[in-house]
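Novice: Contents of start16.tsv (TSV, C-alpha atoms) are below:
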```
chain	number	residue	atom	x	y	z
A	24	MET	CA	26.60	24.31	-0.65
A	25	SER	CA	25.80	21.54	-3.08
A	26	PHE	CA	22.34	19.96	-3.28
A	27	LEU	CA	24.16	16.77	-2.35
A	28	ASP	CA	24.91	18.19	1.09
A	29	GLU	CA	21.19	18.56	1.80
A	30	VAL	CA	20.52	14.87	1.35
A	31	PRO	CA	20.33	13.04	4.69
A	32	TRP	CA	22.54	10.11	3.67
A	33	ASN	CA	21.96	7.09	5.87
A	34	GLY	CA	24.57	5.31	7.97
A	35	ASP	CA	25.86	3.54	4.87
A	36	GLY	CA	26.01	6.80	2.92
A	37	LEU	CA	23.00	5.83	0.82
A	38	ILE	CA	19.52	7.06	-0.05
A	39	ALA	CA	16.67	5.02	-1.54
A	40	ALA	CA	15.68	5.95	-5.09
A	41	VAL	CA	12.30	5.27	-6.67
A	42	ALA	CA	12.04	5.46	-10.47
A	43	GLN	CA	8.71	6.20	-12.10
A	44	ASP	CA	7.99	5.92	-15.83
A	45	ALA	CA	7.16	9.30	-17.37
A	46	LYS	CA	4.89	7.69	-19.97
A	47	SER	CA	3.03	4.88	-18.21
A	48	GLY	CA	3.16	6.46	-14.75
A	49	ARG	CA	4.13	3.05	-13.34
A	50	VAL	CA	6.63	2.78	-10.52
A	51	LEU	CA	9.43	0.81	-12.19
A	52	THR	CA	12.22	0.18	-9.72
A	53	VAL	CA	13.47	0.97	-6.23
A	54	ALA	CA	17.23	1.00	-5.76
A	55	TRP	CA	19.94	2.86	-3.83
A	56	MET	CA	22.24	5.77	-4.53
A	57	ASN	CA	25.37	7.04	-2.84
A	58	ARG	CA	26.60	10.59	-3.23
A	59	GLU	CA	28.51	9.86	-6.41
A	60	ALA	CA	25.56	8.04	-7.97
A	61	LEU	CA	23.21	10.96	-7.35
A	62	GLN	CA	25.79	13.44	-8.62
A	63	GLN	CA	26.33	11.45	-11.82
A	64	THR	CA	22.58	10.98	-12.24
A	65	ALA	CA	22.06	14.74	-12.05
A	66	GLU	CA	25.00	15.51	-14.34
A	67	THR	CA	24.36	12.92	-17.02
A	68	GLN	CA	20.56	12.77	-16.75
A	69	ARG	CA	20.87	8.99	-16.76
A	70	ALA	CA	20.04	6.93	-13.70
A	71	VAL	CA	23.13	5.74	-11.86
A	72	TYR	CA	22.63	3.65	-8.72
A	73	TRP	CA	24.83	2.06	-6.08
A	74	SER	CA	24.76	-1.70	-6.18
A	75	ARG	CA	24.87	-2.94	-2.60
A	76	SER	CA	25.53	-6.53	-3.69
A	77	ARG	CA	28.39	-5.59	-6.02
A	78	GLN	CA	29.54	-2.59	-3.99
A	79	ARG	CA	30.07	-0.43	-7.03
A	80	LEU	CA	28.30	2.19	-9.14
A	81	TRP	CA	25.65	0.67	-11.36
A	82	ARG	CA	24.79	2.60	-14.50
A	83	LYS	CA	21.28	1.32	-15.09
A	84	GLY	CA	21.22	-0.31	-18.50
A	85	GLU	CA	24.98	-0.80	-18.75
A	86	GLU	CA	24.44	-4.49	-19.53
A	87	SER	CA	20.87	-4.63	-20.78
A	88	GLY	CA	20.81	-1.37	-22.72
A	89	HIS	CA	17.67	-0.50	-20.75
A	90	VAL	CA	18.89	2.87	-19.56
A	91	GLN	CA	16.69	5.32	-17.69
A	92	ARG	CA	16.83	8.88	-19.04
A	93	VAL	CA	16.06	11.19	-16.16
A	94	LYS	CA	13.49	13.95	-16.65
A	95	SER	CA	13.29	15.10	-13.04
A	96	ILE	CA	14.72	14.36	-9.61
A	97	ARG	CA	12.64	14.95	-6.48
A	98	LEU	CA	13.32	14.68	-2.76
A	99	ASP	CA	10.71	13.88	-0.12
A	100	CYS	CA	9.94	15.74	3.09
A	101	ASP	CA	11.63	13.47	5.63
A	102	GLU	CA	11.64	9.85	4.56
A	103	ASP	CA	15.02	10.07	2.89
A	104	VAL	CA	14.00	9.03	-0.59
A	105	VAL	CA	14.60	10.49	-4.03
A	106	LEU	CA	12.14	10.05	-6.87
A	107	LEU	CA	13.23	9.95	-10.50
A	108	GLU	CA	10.88	10.54	-13.39
A	109	VAL	CA	12.42	8.56	-16.23
A	110	GLU	CA	12.05	7.57	-19.84
A	111	GLN	CA	12.69	3.83	-19.76
A	112	ALA	CA	14.62	2.58	-22.78
A	113	GLY	CA	12.95	-0.46	-24.32
A	114	GLY	CA	10.06	-0.04	-21.92
A	115	ILE	CA	11.75	-2.66	-19.76
A	116	ALA	CA	13.02	-1.82	-16.27
A	117	CYS	CA	13.04	-5.25	-14.63
A	118	HIS	CA	15.77	-7.86	-15.00
A	119	THR	CA	12.98	-10.40	-15.62
A	120	GLY	CA	12.21	-8.63	-18.91
A	121	ARG	CA	9.07	-6.91	-17.63
A	122	HIS	CA	8.10	-3.24	-17.79
A	123	SER	CA	8.09	-2.81	-14.01
A	124	CYS	CA	9.64	-4.70	-11.12
A	125	PHE	CA	6.24	-4.52	-9.40
A	126	PHE	CA	4.68	-7.28	-11.48
A	127	GLN	CA	3.14	-9.22	-8.60
A	128	LYS	CA	-0.25	-8.13	-7.30
A	129	LEU	CA	-2.08	-9.33	-4.21
A	130	ASP	CA	-5.26	-11.02	-5.39
A	131	GLY	CA	-7.39	-13.26	-3.20
A	132	GLY	CA	-4.66	-13.57	-0.60
A	133	LYS	CA	-2.01	-14.60	-3.14
A	134	TRP	CA	0.72	-12.77	-5.08
A	135	VAL	CA	-0.27	-13.11	-8.72
A	136	VAL	CA	1.96	-12.18	-11.69
A	137	THR	CA	0.11	-9.57	-13.73
A	138	ASP	CA	2.70	-8.28	-16.20
A	139	PRO	CA	3.97	-10.09	-19.29
A	140	VAL	CA	7.64	-10.74	-20.02
A	141	LEU	CA	8.36	-8.39	-22.91
A	142	LYS	CA	11.78	-9.84	-23.70
A	143	ASP	CA	13.50	-13.04	-22.60
A	144	PRO	CA	16.20	-12.16	-20.04
A	145	ALA	CA	18.54	-14.61	-21.80
A	146	GLU	CA	18.10	-12.48	-24.88
A	147	ILE	CA	18.59	-9.22	-22.95
A	148	TYR	CA	21.84	-10.19	-21.31
A	149	LYS	CA	23.48	-12.47	-23.89
A	150	SER	CA	24.90	-9.56	-25.87
A	151	SER	CA	26.57	-8.09	-22.82
A	152	LYS	CA	30.10	-6.97	-23.54
A	153	ARG	CA	30.95	-6.44	-19.91
B	16	MET	CA	1.02	-20.43	3.36
B	17	SER	CA	0.04	-16.82	3.79
B	18	PHE	CA	1.13	-14.14	1.33
B	19	LEU	CA	2.83	-12.59	4.35
B	20	ASP	CA	5.26	-15.51	4.49
B	21	GLU	CA	6.49	-14.72	0.99
B	22	VAL	CA	7.60	-11.23	1.94
B	23	PRO	CA	11.35	-11.07	2.61
B	24	TRP	CA	11.09	-9.07	5.85
B	25	ASN	CA	14.34	-7.29	6.65
B	26	GLY	CA	16.37	-7.71	9.84
B	27	ASP	CA	13.98	-5.41	11.68
B	28	GLY	CA	10.95	-7.31	10.38
B	29	LEU	CA	10.03	-4.49	8.02
B	30	ILE	CA	9.48	-3.83	4.33
B	31	ALA	CA	9.46	-0.45	2.57
B	32	ALA	CA	6.10	0.66	1.21
B	33	VAL	CA	5.59	3.17	-1.60
B	34	ALA	CA	2.13	4.73	-2.00
B	35	GLN	CA	1.03	6.06	-5.39
B	36	ASP	CA	-2.08	8.15	-5.98
B	37	ALA	CA	-4.59	6.34	-8.20
B	38	LYS	CA	-5.87	9.62	-9.64
B	39	SER	CA	-2.85	11.88	-10.07
B	40	GLY	CA	-0.34	9.08	-10.55
B	41	ARG	CA	2.02	10.92	-8.21
B	42	VAL	CA	4.17	9.00	-5.76
B	43	LEU	CA	2.87	10.28	-2.43
B	44	THR	CA	4.77	8.68	0.43
B	45	VAL	CA	7.37	6.10	1.29
B	46	ALA	CA	7.02	4.45	4.69
B	47	TRP	CA	7.55	1.08	6.40
B	48	MET	CA	5.36	-1.90	7.23
B	49	ASN	CA	5.79	-4.82	9.55
B	50	ARG	CA	3.86	-8.05	9.15
B	51	GLU	CA	0.86	-6.81	11.12
B	52	ALA	CA	0.73	-3.54	9.18
B	53	LEU	CA	0.66	-5.32	5.83
B	54	GLN	CA	-1.93	-7.80	7.08
B	55	GLN	CA	-4.18	-5.00	8.34
B	56	THR	CA	-3.64	-3.02	5.14
B	57	ALA	CA	-4.77	-6.00	3.08
B	58	GLU	CA	-7.72	-6.78	5.36
B	59	THR	CA	-9.05	-3.26	5.83
B	60	GLN	CA	-8.00	-1.82	2.47
B	61	ARG	CA	-6.65	1.17	4.33
B	62	ALA	CA	-2.94	1.89	4.53
B	63	VAL	CA	-1.44	0.91	7.87
B	64	TYR	CA	2.29	1.49	8.39
B	65	TRP	CA	4.84	0.84	11.12
B	66	SER	CA	6.16	4.03	12.65
B	67	ARG	CA	9.84	3.49	13.37
B	68	SER	CA	10.07	6.65	15.46
B	69	ARG	CA	7.05	5.79	17.59
B	70	GLN	CA	7.53	2.03	17.41
B	71	ARG	CA	3.86	1.32	16.90
B	72	LEU	CA	1.32	0.73	14.14
B	73	TRP	CA	0.41	3.93	12.34
B	74	ARG	CA	-2.97	3.98	10.66
B	75	LYS	CA	-2.31	6.62	8.02
B	76	GLY	CA	-4.79	9.45	8.59
B	77	GLU	CA	-5.60	8.53	12.18
B	78	GLU	CA	-4.80	12.10	13.27
B	79	SER	CA	-5.16	14.09	10.05
B	80	GLY	CA	-8.12	12.27	8.55
B	81	HIS	CA	-6.04	11.88	5.40
B	82	VAL	CA	-6.47	8.15	5.11
B	83	GLN	CA	-5.27	6.16	2.11
B	84	ARG	CA	-7.85	3.76	0.69
B	85	VAL	CA	-5.97	0.92	-0.93
B	86	LYS	CA	-6.92	-0.18	-4.44
B	87	SER	CA	-4.06	-2.58	-5.03
B	88	ILE	CA	-0.96	-3.98	-3.35
B	89	ARG	CA	2.06	-5.00	-5.41
B	90	LEU	CA	5.40	-6.61	-4.60
B	91	ASP	CA	8.60	-6.09	-6.56
B	92	CYS	CA	10.96	-8.70	-7.96
B	93	ASP	CA	13.76	-8.55	-5.42
B	94	GLU	CA	14.16	-5.10	-3.90
B	95	ASP	CA	11.91	-5.86	-0.97
B	96	VAL	CA	9.35	-3.14	-1.53
B	97	VAL	CA	5.55	-3.12	-1.67
B	98	LEU	CA	3.65	-0.63	-3.78
B	99	LEU	CA	0.18	0.59	-2.83
B	100	GLU	CA	-2.18	2.22	-5.28
B	101	VAL	CA	-4.33	4.47	-3.11
B	102	GLU	CA	-7.14	6.96	-3.10
B	103	GLN	CA	-5.78	9.78	-0.94
B	104	ALA	CA	-8.44	11.37	1.29
B	105	GLY	CA	-8.34	15.15	1.04
B	106	GLY	CA	-5.76	14.87	-1.72
B	107	ILE	CA	-3.15	15.48	0.99
B	108	ALA	CA	-0.58	12.83	1.85
B	109	CYS	CA	2.19	14.95	3.37
B	110	HIS	CA	2.29	16.23	6.95
B	111	THR	CA	3.26	19.62	5.48
B	112	GLY	CA	-0.22	19.86	3.95
B	113	ARG	CA	0.91	19.08	0.41
B	114	HIS	CA	-0.42	16.49	-2.04
B	115	SER	CA	2.83	14.54	-2.14
B	116	CYS	CA	5.85	14.29	0.14
B	117	PHE	CA	8.01	14.69	-2.99
B	118	PHE	CA	7.47	18.43	-3.27
B	119	GLN	CA	11.13	19.39	-3.78
B	120	LYS	CA	12.56	19.20	-7.28
B	121	LEU	CA	16.18	19.56	-8.35
B	122	ASP	CA	16.38	22.66	-10.54
B	123	GLY	CA	19.62	24.39	-11.50
B	124	GLY	CA	21.55	22.51	-8.81
B	125	LYS	CA	19.11	23.42	-6.04
B	126	TRP	CA	16.12	21.72	-4.39
B	127	VAL	CA	13.14	23.91	-5.20
B	128	VAL	CA	9.68	23.57	-3.65
B	129	THR	CA	7.21	22.98	-6.48
B	130	ASP	CA	3.98	22.00	-4.75
B	131	PRO	CA	1.61	24.32	-2.90
B	132	VAL	CA	0.46	23.80	0.69
B	133	LEU	CA	-3.19	22.81	0.27
B	134	LYS	CA	-4.03	23.05	3.97
B	135	ASP	CA	-2.18	24.57	6.90
B	136	PRO	CA	-0.74	21.73	9.03
B	137	ALA	CA	-1.87	23.63	12.17
B	138	GLU	CA	-5.39	23.33	10.79
B	139	ILE	CA	-4.97	19.67	9.88
B	140	TYR	CA	-3.77	18.54	13.27
B	141	LYS	CA	-5.57	20.90	15.67
B	142	SER	CA	-8.73	18.80	15.67
B	143	SER	CA	-6.87	15.65	16.62
B	144	LYS	CA	-8.62	13.76	19.41
B	145	ARG	CA	-5.68	11.49	20.01
```
Take the structure I supplied and represent it as structure tokens, if you would.
Specialist:
Amino acid sequence: MSFLDEVPWNGDGLIAAVAQDAKSGRVLTVAWMNREALQQTAETQRAVYWSRSRQRLWRKGEESGHVQRVKSIRLDCDEDVVLLEVEQAGGIACHTGRHSCFFQKLDGGKWVVTDPVLKDPAEIYKSSKR
Amino acid sequence: MSFLDEVPWNGDGLIAAVAQDAKSGRVLTVAWMNREALQQTAETQRAVYWSRSRQRLWRKGEESGHVQRVKSIRLDCDEDVVLLEVEQAGGIACHTGRHSCFFQKLDGGKWVVTDPVLKDPAEIYKSSKR
């Protein structure tokens, strides 16, 4: 039996996937995987997700170059989530050009942006060949 | 406008919530919050979730004593997830008695348990007054 068979895929055939930076320890992204995405992630050691909006496999970094090299893959006890420990290329995981997608922090009853934009998104995506 | 109004609650009125240990850096749990849970979490600085199975508020640690004291609350760019930085009472977040719920790691094509049980669950829950 494959490790893929032990994953309790949800009604849409997906599982949530949290990516954590191996260096900074920051939680970078939360996305989704289908069976093929998890299989390819394990085989290639690069994060591959399932894009629900585009309904296709999404090789993280395919446009931006900001790939996630996978150091470990974990599964939780019952919440149906996988956790990737990754080396984040460019140190940028978020499409806004920030290190982490979790760049808003609750402070005094307001969401406050705490992380700097490391690279202009226009710059990140202009060289896309896709 | 409350910070609660800026959260893109899903069709069930929920948002996913990742909890990360402030000390170990480990991702501990992934659970759900409704509006009231997030409000109470922010007000009391203790993690309060929405139990989908029990359909009621779940004050993390109410039975086990393993409460999560909240140091920060973050929101991601568009994936509809909050991230809590917590101090985990007892160092045990998982109902199996382990530090983290992510105690299974993919190794050689198999999920392998990597984390020790720190306290017998029968011991954790026997003193429950609920």
Novice: Which residue is closest to chain B? Choose from A:Glu110, A:Asp130, A:Asp28, A:Asp99 and count only C-alpha atoms.
Specialist: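 The shortest atom-to-atom distance to chain B comes from A:Asp99.
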Novice: Do a neighbour search on Arg113 in chain B at 6 Å with only C-alpha atoms, toss out local chain neighbours closer than 2 positions, and write the hits as an mmCIF file with C-alpha atoms, keeping the file's coordinate frame.
Specialist:
```cif
data_model
loop_
_atom_site.group_PDB
_atom_site.id
_atom_site.type_symbol
_atom_site.label_atom_id
_atom_site.label_comp_id
_atom_site.auth_asym_id
_atom_site.auth_seq_id
_atom_site.Cartn_x
_atom_site.Cartn_y
_atom_site.Cartn_z
ATOM 1 C CA ILE B 107 -3.150 15.480 0.990
ATOM 2 C CA CYS B 109 2.190 14.950 3.370
ATOM 3 C CA THR B 111 3.260 19.620 5.480
ATOM 4 C CA SER B 115 2.830 14.540 -2.140
ATOM 5 C CA VAL B 132 0.460 23.800 0.690
ATOM 6 C CA LEU B 133 -3.190 22.810 0.270
#
```
Novice: Nearest residue to Leu29 in chain B out of B:Trp65, B:Arg41, B:Trp126, B:Gln55, using all atoms listed in the file?
Specialist: B:Trp65
Novice: Counting only C-alpha atoms, which residues of chain A fall within 9 Å of chain B, and what is the closest atom pair for each with its distance in Å at one decimal, ordered by chain and rising number, as CSV?
Specialist:
```
residue,atom,partner,partner_atom,distance
A:Ser25,CA,B:Gly124,CA,7.2
A:Phe26,CA,B:Lys125,CA,5.5
A:Glu29,CA,B:Trp126,CA,8.6
A:Val41,CA,B:Val33,CA,8.7
A:Gln43,CA,B:Val42,CA,8.3
A:Gly48,CA,B:Gly40,CA,6.1
A:Arg49,CA,B:Gly40,CA,8.0
A:Val50,CA,B:Leu98,CA,8.1
A:Leu51,CA,B:Asp91,CA,8.9
A:Thr52,CA,B:Asp91,CA,7.9
A:Val53,CA,B:Glu94,CA,6.5
A:Ala54,CA,B:Glu94,CA,7.1
A:Ala65,CA,B:Gly124,CA,8.4
A:Ser95,CA,B:Leu121,CA,7.1
A:Ile96,CA,B:Leu121,CA,5.5
A:Arg97,CA,B:Lys120,CA,4.3
A:Leu98,CA,B:Gln119,CA,5.3
A:Asp99,CA,B:Phe117,CA,4.0
A:Cys100,CA,B:Cys116,CA,5.2
A:Asp101,CA,B:Cys116,CA,8.0
A:Glu102,CA,B:Val45,CA,6.6
A:Asp103,CA,B:Val45,CA,8.8
A:Val104,CA,B:Val45,CA,7.5
A:Val105,CA,B:Phe117,CA,7.9
A:Leu106,CA,B:Phe117,CA,7.3
A:Cys117,CA,B:Cys92,CA,7.8
A:His118,CA,B:Cys92,CA,8.6
A:Thr119,CA,B:Cys92,CA,8.1
A:Ser123,CA,B:Asp91,CA,8.2
A:Cys124,CA,B:Asp91,CA,4.9
A:Phe125,CA,B:Asp91,CA,4.0
A:Phe126,CA,B:Asp91,CA,6.4
A:Gln127,CA,B:Leu90,CA,5.3
A:Lys128,CA,B:Arg89,CA,4.3
A:Leu129,CA,B:Ile88,CA,5.5
A:Asp130,CA,B:Ile88,CA,8.5
A:Gly132,CA,B:Phe18,CA,6.1
A:Lys133,CA,B:Phe18,CA,5.5
A:Trp134,CA,B:Phe18,CA,6.6
```
Novice: Report, in Å to a single decimal, how far apart CA of Lys141 in chain B and CA of Val82 in chain B are.
Specialist: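 Interatomic distance, CA of Val82 in chain B to CA of Lys141 in chain B: 16.6 Å.
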Novice: For the atom pair CA of Pro136 in chain B and CA of Pro31 in chain A, what is the interatomic distance in Å to one decimal place?
Specialist: 23.2 Å
Novice: State, in Å with one decimal place, the distance from CA of Ala112 in chain A to CA of Thr64 in chain A.
Specialist: 15.7 Å
Novice: Have a look at A:Asn33, A:Gln111, A:Asn57, A:Ser74 and name the one nearest to Ser87 in chain A; count all atoms listed in the file.
Specialist: A:Gln111
Novice: I want to know what sits within 7 Å of Ala52 in chain B, based on all atoms listed in the file, with residues of the same chain fewer than 6 positions away left out; could you give that as a list of chain:residue names?
Specialist: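 Surrounding residues, per the criterion: B:Val63, B:Tyr64, B:Trp65, B:Leu72.
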